[in-house]
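J.: Below you will find the structure I want to go over with you.
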Amino acid sequence: MSVVADLESLAAQVPDGAMVAFPRDPCGAPMAFAKALVRRGARKLHYVGVPSFGMAGDMLIGAGCVATIEAAGGTLGEYGTAPRFAAALRAGTIALKDATCPAIHAALQAGQKGIPFIPLRGLIGSDLVKHRPDWKTIDNPFAAGKDPIVLLPALRPDVAVIHVALADRHGNAWIGRERELLTMAHAARRTLVTAEEIVDRDLLADETMAAGTLPALYVAGVARAERGAAPLGFLDRYAEDGAALADYARRARTADGFAAWLDENVLARRAAA
Amino acid sequence: MSVVADLESLAAQVPDGAMVAFPRDPCGAPMAFAKALVRRGARKLHYVGVPSFGMAGDMLIGAGCVATIEAAGGTLGEYGTAPRFAAALRAGTIALKDATCPAIHAALQAGQKGIPFIPLRGLIGSDLVKHRPDWKTIDNPFAAGKDPIVLLPALRPDVAVIHVALADRHGNAWIGRERELLTMAHAARRTLVTAEEIVDRDLLADETMAAGTLPALYVAGVARAERGAAPLGFLDRYAEDGAALADYARRARTADGFAAWLDENVLARRAAA
Amino acid sequence: MTETAIEELLIVTLARLIGRVRHVATGASSPIPGAAALLARHRAGPGMTVSVLGSRRHTFFTNGGVELFDCAGQGRLDVFFLGGGQIDGQGNVNLNATGGYPASEVRFPGAFGSAYLYFVVPRVFLFREEHSRRVFVPRVEFVSTPGVSPPEVERRGGPAALITGKCLFLFDRERRRFRLESLHPGVTLEEVRDLTGFDFDCPERVATTPAPDAETLTLLRGAVGRDIAEVYPRFAERVWRISPPKAA
Amino acid sequence: MTETAIEELLIVTLARLIGRVRHVATGASSPIPGAAALLARHRAGPGMTVSVLGSRRHTFFTNGGVELFDCAGQGRLDVFFLGGGQIDGQGNVNLNATGGYPASEVRFPGAFGSAYLYFVVPRVFLFREEHSRRVFVPRVEFVSTPGVSPPEVERRGGPAALITGKCLFLFDRERRRFRLESLHPGVTLEEVRDLTGFDFDCPERVATTPAPDAETLTLLRGAVGRDIAEVYPRFAERVWRISPPKAA
């Protein structure tokens, strides 16, 4: 029983309505996977950006795959705001769970530990708290006087999706120092991995590689996706494709422009297949 | 300004009365460092075993360095109980903060995050809780009905001491997959490192090594200690010295036997120096 | 060595109880459970994960010592084992001390992960070779971790069985009591009653714990023995005369 | 290119404010703070750590994205920077939206780490090149993170200064207000009053923000520019015509 699959069947493992955690862009956006999700016509996803989102999230929102977005922010970086996200907010077609980066990280760490909640400093007086009825402010039970502190409920995504440089045939995935990928995978019920390369050796057999490896126990499926983060850059492997990102940022400003972009860059691949 | 120092001056950086965190034996006991602490005559330490202790902790207790011991357990493994620990308990000469492994880990993670406390499941009904007035049981604020849960205050040791295979001259230390060493170092105010080898290259310069490296920002001092975990074994580098461990276990059963062992194995080195 | 050693009977019985699951882990000072888990995996084949604490070969953990507990908290650990300085009829376990606390006449190693894992791992097997009234008491002096909890306490795990040098008990969570399942070859019910300080349920006819077959013994004395010797060299040497691994 | 660009003036001024500290970090979309931190380190020499979010060369983090926040929580981060879609006279920052919430006319990128770091990092520098009544408002529409907190709220950090395309304000934590520190060359007090939607304190004589010397400009346009181009290629190209790095 191998965990290695092709990209489209990996995307088929994400049910409609699932809570799906994606890493922020510089950690390796699973862009190829996100496109496969669009092709499979995923619906009503609860997208968790760890801790934020970029082009992958914006595209999934534009393609109608997302019911709820939970993140500390969304941006195309130097290419401007996330246009389909902004449009969906204006239109009121998605639910918004705005957060702050350390809250997303801490809530996932709580999920990883199987604890029901975790406290976080800061936050008090921020309007974020007003709009997050799932966060609770209590008085720190260890303080002598009044000491309000926010408690965050644990996040346990149904699926975590990550893109890595290397995976092996057992399902071990080398994440290097992008440790939030490990936290996501521990916190999630199942993890789907796309990899630039799938190698024959066992990544856990070598102590140096093992130090940066997510073990197969957490991994439900692995698919090869060469240049799987493009047009974003990926580690030292490839730089971002600035022209492609600018093209997306420009065309996604309108619904029609986005639809045409999607046809050309995502759906065409299904037609060709 | 180099962080590289010799072992005795590293041990001099631990003030009397400090809370000092040591890893459990199989993670690389900083045994050479513990012996240097005995030689420097450290007193009133609050020893935190992460999450337990073995020969190093037992020896420090026997040598009169420890006022409080906080750990999930103490044992010489196959060589029996920790004899000086048991004797000190009988004599009432040390304070005891008995814990359970995940409580030590979680409290250090809270220290690492700078949060004042962290919840943990289990524990309720254990007599451990009765003897830990610093732990507080509350009702989970996220539960509809009654749902008691224990909150642990964060642990922020004054000093963490770790032993690693490799460190570099900047103070970066390769911890491999022994991630609790990283958590200890993040949670502690300062970290002292002993290393089997000190290398000239920068451990953070290579992404593969960086994945398993504690950055120098957390490290106050590094000393070379070849066979620094002996007579315990260390990773794949050397096996335990069973005869030496059995000798300790046998002689440490009595105060006199221990004193003679200490003279021969620890203090003699100072006299010779 | 053709006779079955008591350690072997315990290992084989525990392996049978484990059956085929996703993930079994063992804690500190647990050579018999460790060998049982490795034997169970030998039989189950791929897809079953065994994590032996202290082993570098039999562990997939890459997040340090906390990962075992996190795994359990996530619901990714199916079976764990606990020994005990004292164990009582409600499944309470004392791993800390007897004769006063904290100034104790006898100090045991400590609670280690028990006060957490006993609550969250679905099936926990208790093991203790010494079967005596010193160990199996009416009520433990110190509850390192309780066998049962009131309904308001979140608990998805607890004792499943207790194996000793004399017999096997299963734990009945409804009745909050042990029930004798089988006596080891040559042991009588009367002997067990004499040596047990707590009350337990007993069927009319008590079975005998099955002895291992020759094939299993060969496996145990070969591959499994060599595997467990990595972490427990003295145990492997004592039971199977397997030499400790050489220093690198 | 011999004239000082406004971006250069901002970078140099921020670098001066940073001074020599143990550890400065920058967040998302922060090319000017990133360049300022790198410039400050060039001057401070070894012993000063700079973490530029998104950089693989200028980061020592090995525990993922959470390490920046953990570091701040431990007290190991001395200086951070925040921009803002709106900023008011109490140092409140809006990074989320204007014109309604959650259905907003204008959506900004989001709070990112602000709602935490503003509380725990001792000195936070606010920066926004656009100096207008659209940005500097009497009261932000959405408080992503507040400038000041009531005494019962644990807070060891907050706003230290605000730098804009026109001037530099310092924040007075006692008075909970900004105080004009210096006007950039060629800018008048009247102009700043006209363009600022909030009240601020003003000394009798306002200094002029010092322009960078030639040596600093050379450093900025050379080593610092090339360094920041790793993360902000378009910024470096626009300001200094530094070509983006080649794909591997």
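By convention in this document, the chains of the structure tokens carry letters A, B, ... by their order, each chain's residues are numbered from 1, and ligands are numbered from 1 in the order they are shown.
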Can you tell me, as a compact mmCIF listing (two decimals) with all heavy atoms, in the first residue's frame, what residues are no more than 9 Å from Val148 of chain D when counting only C-alpha atoms, ignoring any on the same chain fewer than 6 positions away?

T.:
```
# COMPACT_ATOMS: atom_id res chain seq x y z
N GLY A 125 -8.11 44.83 23.40
CA GLY A 125 -8.29 46.18 22.86
C GLY A 125 -8.30 46.18 21.35
O GLY A 125 -8.64 47.19 20.73
N GLN D 90 -3.46 58.29 18.96
CA GLN D 90 -3.15 57.49 20.15
C GLN D 90 -2.27 56.29 19.78
O GLN D 90 -2.07 55.40 20.59
CB GLN D 90 -4.45 56.97 20.77
CG GLN D 90 -5.22 58.03 21.54
CD GLN D 90 -5.88 57.44 22.76
OE1 GLN D 90 -6.43 56.34 22.70
NE2 GLN D 90 -5.83 58.15 23.88
N GLY D 91 -1.84 56.25 18.51
CA GLY D 91 -1.02 55.13 18.07
C GLY D 91 -1.82 53.89 17.72
O GLY D 91 -1.25 52.82 17.51
N ASN D 92 -3.15 54.02 17.64
CA ASN D 92 -3.94 52.88 17.17
C ASN D 92 -3.67 52.66 15.69
O ASN D 92 -3.52 53.63 14.93
CB ASN D 92 -5.44 53.15 17.36
CG ASN D 92 -5.81 53.28 18.82
OD1 ASN D 92 -5.45 52.44 19.63
ND2 ASN D 92 -6.52 54.37 19.16
N PHE D 119 2.31 44.74 21.63
CA PHE D 119 2.22 44.65 23.10
C PHE D 119 3.52 44.18 23.75
O PHE D 119 3.76 44.48 24.91
CB PHE D 119 1.13 43.65 23.51
CG PHE D 119 -0.27 44.10 23.24
CD1 PHE D 119 -0.81 44.05 21.96
CD2 PHE D 119 -1.08 44.56 24.27
CE1 PHE D 119 -2.11 44.44 21.71
CE2 PHE D 119 -2.39 44.96 24.03
CZ PHE D 119 -2.91 44.91 22.75
N ARG D 155 1.43 44.76 29.29
CA ARG D 155 1.95 45.36 28.07
C ARG D 155 3.34 45.88 28.35
O ARG D 155 3.51 46.76 29.19
CB ARG D 155 1.02 46.48 27.62
CG ARG D 155 1.50 47.18 26.39
CD ARG D 155 0.39 47.89 25.65
NE ARG D 155 0.86 48.13 24.30
CZ ARG D 155 0.11 48.54 23.30
NH1 ARG D 155 -1.18 48.76 23.48
NH2 ARG D 155 0.61 48.72 22.10
N GLY D 158 5.13 48.95 22.77
CA GLY D 158 4.18 49.85 22.11
C GLY D 158 4.91 50.79 21.19
O GLY D 158 6.10 50.60 20.91
N PRO D 159 4.18 51.81 20.70
CA PRO D 159 4.76 52.72 19.71
C PRO D 159 5.90 53.53 20.32
O PRO D 159 5.80 54.01 21.44
CB PRO D 159 3.59 53.62 19.32
CG PRO D 159 2.59 53.50 20.42
CD PRO D 159 2.78 52.13 21.01
N ARG D 173 4.51 58.06 25.79
CA ARG D 173 3.60 57.05 26.38
C ARG D 173 2.83 57.60 27.57
O ARG D 173 1.71 57.15 27.84
CB ARG D 173 4.38 55.79 26.76
CG ARG D 173 4.85 55.04 25.52
CD ARG D 173 5.36 53.63 25.80
NE ARG D 173 6.00 53.11 24.59
CZ ARG D 173 6.69 51.99 24.53
NH1 ARG D 173 6.86 51.24 25.60
NH2 ARG D 173 7.23 51.58 23.39
N ARG D 176 0.25 59.77 25.94
CA ARG D 176 -0.51 59.00 24.96
C ARG D 176 -0.74 59.79 23.67
O ARG D 176 -1.83 59.74 23.09
CB ARG D 176 -1.87 58.56 25.55
CG ARG D 176 -1.70 57.80 26.86
CD ARG D 176 -3.00 57.40 27.50
NE ARG D 176 -2.74 56.24 28.35
CZ ARG D 176 -3.44 55.12 28.33
NH1 ARG D 176 -4.47 54.99 27.51
NH2 ARG D 176 -3.14 54.13 29.12
```

J.: Determine, for each residue of chain A having at least one atom at most 10 Å from an atom of chain B, the closest pair of atoms and their separation in Å to one decimal, counting only C-alpha atoms; order by chain and ascending number, as a tab-separated table.

T.:
```
residue	atom	partner	partner_atom	distance
A:Pro102	CA	B:Lys113	CA	9.5
A:Ala106	CA	B:Lys113	CA	8.6
A:Gln109	CA	B:Gln109	CA	9.8
A:Ala110	CA	B:Pro119	CA	9.2
A:Lys113	CA	B:Ala106	CA	8.6
A:Gly114	CA	B:Arg121	CA	8.2
A:Ile115	CA	B:Leu120	CA	6.1
A:Pro116	CA	B:Pro119	CA	7.8
A:Phe117	CA	B:Pro119	CA	7.3
A:Ile118	CA	B:Ile118	CA	6.1
A:Pro119	CA	B:Ile115	CA	6.5
A:Leu120	CA	B:Ile115	CA	6.1
A:Arg121	CA	B:Ile115	CA	6.7
A:Asp134	CA	B:Phe142	CA	8.5
A:Trp135	CA	B:Phe142	CA	9.0
A:Lys136	CA	B:Pro141	CA	7.7
A:Thr137	CA	B:Pro141	CA	9.4
A:Ile138	CA	B:Pro141	CA	8.5
A:Asn140	CA	B:Pro116	CA	8.0
A:Pro141	CA	B:Lys136	CA	7.6
A:Phe142	CA	B:Pro153	CA	7.5
A:Ala143	CA	B:Pro116	CA	9.1
A:Ile149	CA	B:Pro116	CA	9.4
A:Leu151	CA	B:Pro141	CA	8.7
A:Leu152	CA	B:Phe142	CA	9.4
A:Pro153	CA	B:Phe142	CA	7.5
A:Trp174	CA	B:Thr208	CA	9.5
A:Ile175	CA	B:Ala211	CA	8.3
A:Gly176	CA	B:Ala211	CA	4.8
A:Arg177	CA	B:Ala211	CA	4.3
A:Glu178	CA	B:Ala211	CA	8.0
A:Arg179	CA	B:Ala211	CA	8.5
A:Glu207	CA	B:Gly176	CA	6.9
A:Thr208	CA	B:Gly176	CA	6.5
A:Met209	CA	B:Thr208	CA	6.7
A:Ala210	CA	B:Arg177	CA	6.8
A:Ala211	CA	B:Arg177	CA	4.3
A:Gly212	CA	B:Ala211	CA	5.2
A:Thr213	CA	B:Arg177	CA	9.0
A:Leu235	CA	B:Glu207	CA	9.9
A:Asp236	CA	B:Glu207	CA	9.8
```

J.: Any chance you could tabulate, as a tab-separated table, the residues of chain D at most 9 Å from chain A with each one's nearest atom pair and distance in Å to one decimal, using only C-alpha atoms, in chain and rising number order?

T.:
```
residue	atom	partner	partner_atom	distance
D:Ala28	CA	A:Gly77	CA	7.8
D:Ser29	CA	A:Gly77	CA	6.2
D:Gly54	CA	A:Pro26	CA	6.3
D:Ser55	CA	A:Pro26	CA	9.0
D:Arg56	CA	A:Leu235	CA	7.9
D:Phe61	CA	A:Arg177	CA	7.9
D:Thr62	CA	A:Arg177	CA	5.0
D:Asn63	CA	A:Arg179	CA	5.2
D:Gly64	CA	A:Arg179	CA	4.3
D:Gly65	CA	A:Glu180	CA	6.4
D:Val66	CA	A:His105	CA	6.2
D:Leu68	CA	A:Pro102	CA	9.0
D:Phe69	CA	A:Pro102	CA	6.2
D:Asp70	CA	A:Pro102	CA	8.3
D:Gly73	CA	A:Arg121	CA	8.3
D:Asn96	CA	A:Gly73	CA	8.2
D:Tyr101	CA	A:Leu89	CA	8.7
D:Pro102	CA	A:Leu89	CA	6.7
D:Ala103	CA	A:Arg90	CA	4.9
D:Ser104	CA	A:Arg90	CA	5.5
D:Glu105	CA	A:Arg90	CA	6.2
D:Val106	CA	A:Ala86	CA	7.5
D:Arg107	CA	A:Ala86	CA	5.8
D:Phe108	CA	A:Thr81	CA	7.2
D:Pro109	CA	A:Gly74	CA	5.2
D:Gly110	CA	A:Gly73	CA	4.0
D:Ala111	CA	A:Thr100	CA	5.7
D:Phe112	CA	A:Ala72	CA	4.6
D:Gly113	CA	A:Cys101	CA	4.8
D:Ser114	CA	A:Thr100	CA	6.9
D:Ala115	CA	A:Leu123	CA	5.1
D:Tyr116	CA	A:Gly122	CA	4.5
D:Leu117	CA	A:Gly122	CA	7.3
D:Tyr118	CA	A:Gly122	CA	7.6
D:Phe119	CA	A:Gly122	CA	5.3
D:Val120	CA	A:Gly122	CA	7.2
D:Phe142	CA	A:Asp127	CA	6.3
D:Val143	CA	A:Asp127	CA	5.2
D:Ser144	CA	A:Ser126	CA	5.3
D:Thr145	CA	A:Ser126	CA	4.8
D:Pro146	CA	A:Ser126	CA	6.0
D:Val148	CA	A:Gly125	CA	8.8
D:Ser149	CA	A:Gly125	CA	7.2
D:Glu152	CA	A:Asp147	CA	5.8
D:Val153	CA	A:Asp147	CA	6.1
D:Glu154	CA	A:Asp147	CA	7.0
D:Arg155	CA	A:Gly122	CA	7.3
D:Tyr232	CA	A:Glu78	CA	7.3
D:Pro233	CA	A:Glu78	CA	8.6
D:Arg234	CA	A:Glu78	CA	7.0
D:Phe235	CA	A:Glu78	CA	8.0
D:Pro245	CA	A:Ala239	CA	8.0
D:Lys246	CA	A:Ala239	CA	7.1
D:Ala247	CA	A:Ala239	CA	4.6
D:Ala248	CA	A:Tyr238	CA	5.2
```

J.: Please identify which residues in segment 26-90 of chain D DSSP calls strand (DSSP E) from the backbone, and express them as a list in words.

T.: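 Restricting segment 26-90 of chain D to strand (DSSP E) produces Thr26, Thr49, Val50, Ser51, Val52, Val79, Phe80, Phe81, Leu82, Gln86, Ile87 and Asp88 of chain D.
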
J.: With N, CA, C and O atoms kept, could you save the residues just selected as a PDB file, in the first residue's frame?

T.:
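Writing done, so here's again.pdb:
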```pdb
ATOM      1  N   THR D  26      11.803  42.405  11.101  1.00  0.00           N
ATOM      2  CA  THR D  26      10.818  43.092  10.267  1.00  0.00           C
ATOM      3  C   THR D  26       9.774  42.088   9.803  1.00  0.00           C
ATOM      4  O   THR D  26      10.047  40.892   9.696  1.00  0.00           O
ATOM      5  N   THR D  49      21.562  41.096  15.860  1.00  0.00           N
ATOM      6  CA  THR D  49      20.866  40.140  15.009  1.00  0.00           C
ATOM      7  C   THR D  49      19.722  40.835  14.285  1.00  0.00           C
ATOM      8  O   THR D  49      18.951  41.569  14.906  1.00  0.00           O
ATOM      9  N   VAL D  50      19.624  40.602  12.980  1.00  0.00           N
ATOM     10  CA  VAL D  50      18.513  41.143  12.186  1.00  0.00           C
ATOM     11  C   VAL D  50      17.777  39.980  11.540  1.00  0.00           C
ATOM     12  O   VAL D  50      18.394  39.123  10.920  1.00  0.00           O
ATOM     13  N   SER D  51      16.457  39.949  11.719  1.00  0.00           N
ATOM     14  CA  SER D  51      15.647  38.921  11.090  1.00  0.00           C
ATOM     15  C   SER D  51      14.681  39.606  10.116  1.00  0.00           C
ATOM     16  O   SER D  51      13.807  40.342  10.539  1.00  0.00           O
ATOM     17  N   VAL D  52      14.902  39.358   8.830  1.00  0.00           N
ATOM     18  CA  VAL D  52      14.036  39.936   7.796  1.00  0.00           C
ATOM     19  C   VAL D  52      13.060  38.853   7.348  1.00  0.00           C
ATOM     20  O   VAL D  52      13.481  37.843   6.780  1.00  0.00           O
ATOM     21  N   VAL D  79      13.160  45.477  18.774  1.00  0.00           N
ATOM     22  CA  VAL D  79      12.569  46.477  17.871  1.00  0.00           C
ATOM     23  C   VAL D  79      11.771  45.772  16.785  1.00  0.00           C
ATOM     24  O   VAL D  79      12.214  44.760  16.238  1.00  0.00           O
ATOM     25  N   PHE D  80      10.584  46.327  16.487  1.00  0.00           N
ATOM     26  CA  PHE D  80       9.787  45.835  15.367  1.00  0.00           C
ATOM     27  C   PHE D  80       9.171  47.048  14.670  1.00  0.00           C
ATOM     28  O   PHE D  80       9.247  48.166  15.180  1.00  0.00           O
ATOM     29  N   PHE D  81       8.557  46.834  13.519  1.00  0.00           N
ATOM     30  CA  PHE D  81       7.995  47.909  12.702  1.00  0.00           C
ATOM     31  C   PHE D  81       6.574  47.566  12.289  1.00  0.00           C
ATOM     32  O   PHE D  81       6.266  46.409  12.022  1.00  0.00           O
ATOM     33  N   LEU D  82       5.739  48.574  12.229  1.00  0.00           N
ATOM     34  CA  LEU D  82       4.391  48.372  11.698  1.00  0.00           C
ATOM     35  C   LEU D  82       4.050  49.492  10.731  1.00  0.00           C
ATOM     36  O   LEU D  82       4.337  50.664  11.014  1.00  0.00           O
ATOM     37  N   GLN D  86      -4.552  52.940   8.306  1.00  0.00           N
ATOM     38  CA  GLN D  86      -4.886  54.139   9.072  1.00  0.00           C
ATOM     39  C   GLN D  86      -4.104  54.100  10.383  1.00  0.00           C
ATOM     40  O   GLN D  86      -3.933  53.032  10.975  1.00  0.00           O
ATOM     41  N   ILE D  87      -3.676  55.281  10.822  1.00  0.00           N
ATOM     42  CA  ILE D  87      -3.009  55.419  12.131  1.00  0.00           C
ATOM     43  C   ILE D  87      -3.599  56.655  12.791  1.00  0.00           C
ATOM     44  O   ILE D  87      -3.797  57.678  12.119  1.00  0.00           O
ATOM     45  N   ASP D  88      -3.907  56.567  14.090  1.00  0.00           N
ATOM     46  CA  ASP D  88      -4.444  57.760  14.752  1.00  0.00           C
ATOM     47  C   ASP D  88      -3.505  58.282  15.826  1.00  0.00           C
ATOM     48  O   ASP D  88      -2.419  57.719  16.063  1.00  0.00           O
TER      49      ASP D  88
END
```

J.: Using DSSP assignments from the backbone, pull out every residue in segment 47-263 of chain A that falls under helix (DSSP H, G or I) and give it to me as an MDAnalysis selection string.

T.: chainID A and resid 55:62 77:79 83:91 101:113 127:130 180:187 207:210 216:218 242:251 255:263

J.: Contacts of Thr13 of chain C at 9 Å or less, counting only C-alpha atoms, minus same-chain residues fewer than 5 places along, as an MDAnalysis selection string?

T.: chainID C and resid 8 18 36 163 168 209:212

J.: Could you jot down the atom CA of Ala244 of chain A to atom CA of Ala56 of chain A separation for me, Å, one decimal place?

T.: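 Pair atom CA of Ala244 of chain A / atom CA of Ala56 of chain A returns 13.4 Å.
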
J.: Could you work out how far atom CA of Met48 of chain C lies from atom CA of Arg22 of chain C, giving the answer in Å with one decimal?

T.: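 A separation of 4.8 Å between them.
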
J.: What does the structure give for the distance between atom CA of Val14 of chain B and atom CA of Ala246 of chain B, in Å to one decimal?

T.: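 Value for the atom CA of Val14 of chain B-atom CA of Ala246 of chain B distance: 29.4 Å.
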
J.: With only C-alpha atoms as the counted atoms, please give the residues lying no more than 9 Å from His42 of chain C, apart from itself and same-chain residues fewer than 4 positions off, as a PyMOL selection string.

T.: chain C and resi 37-38+46+219+224
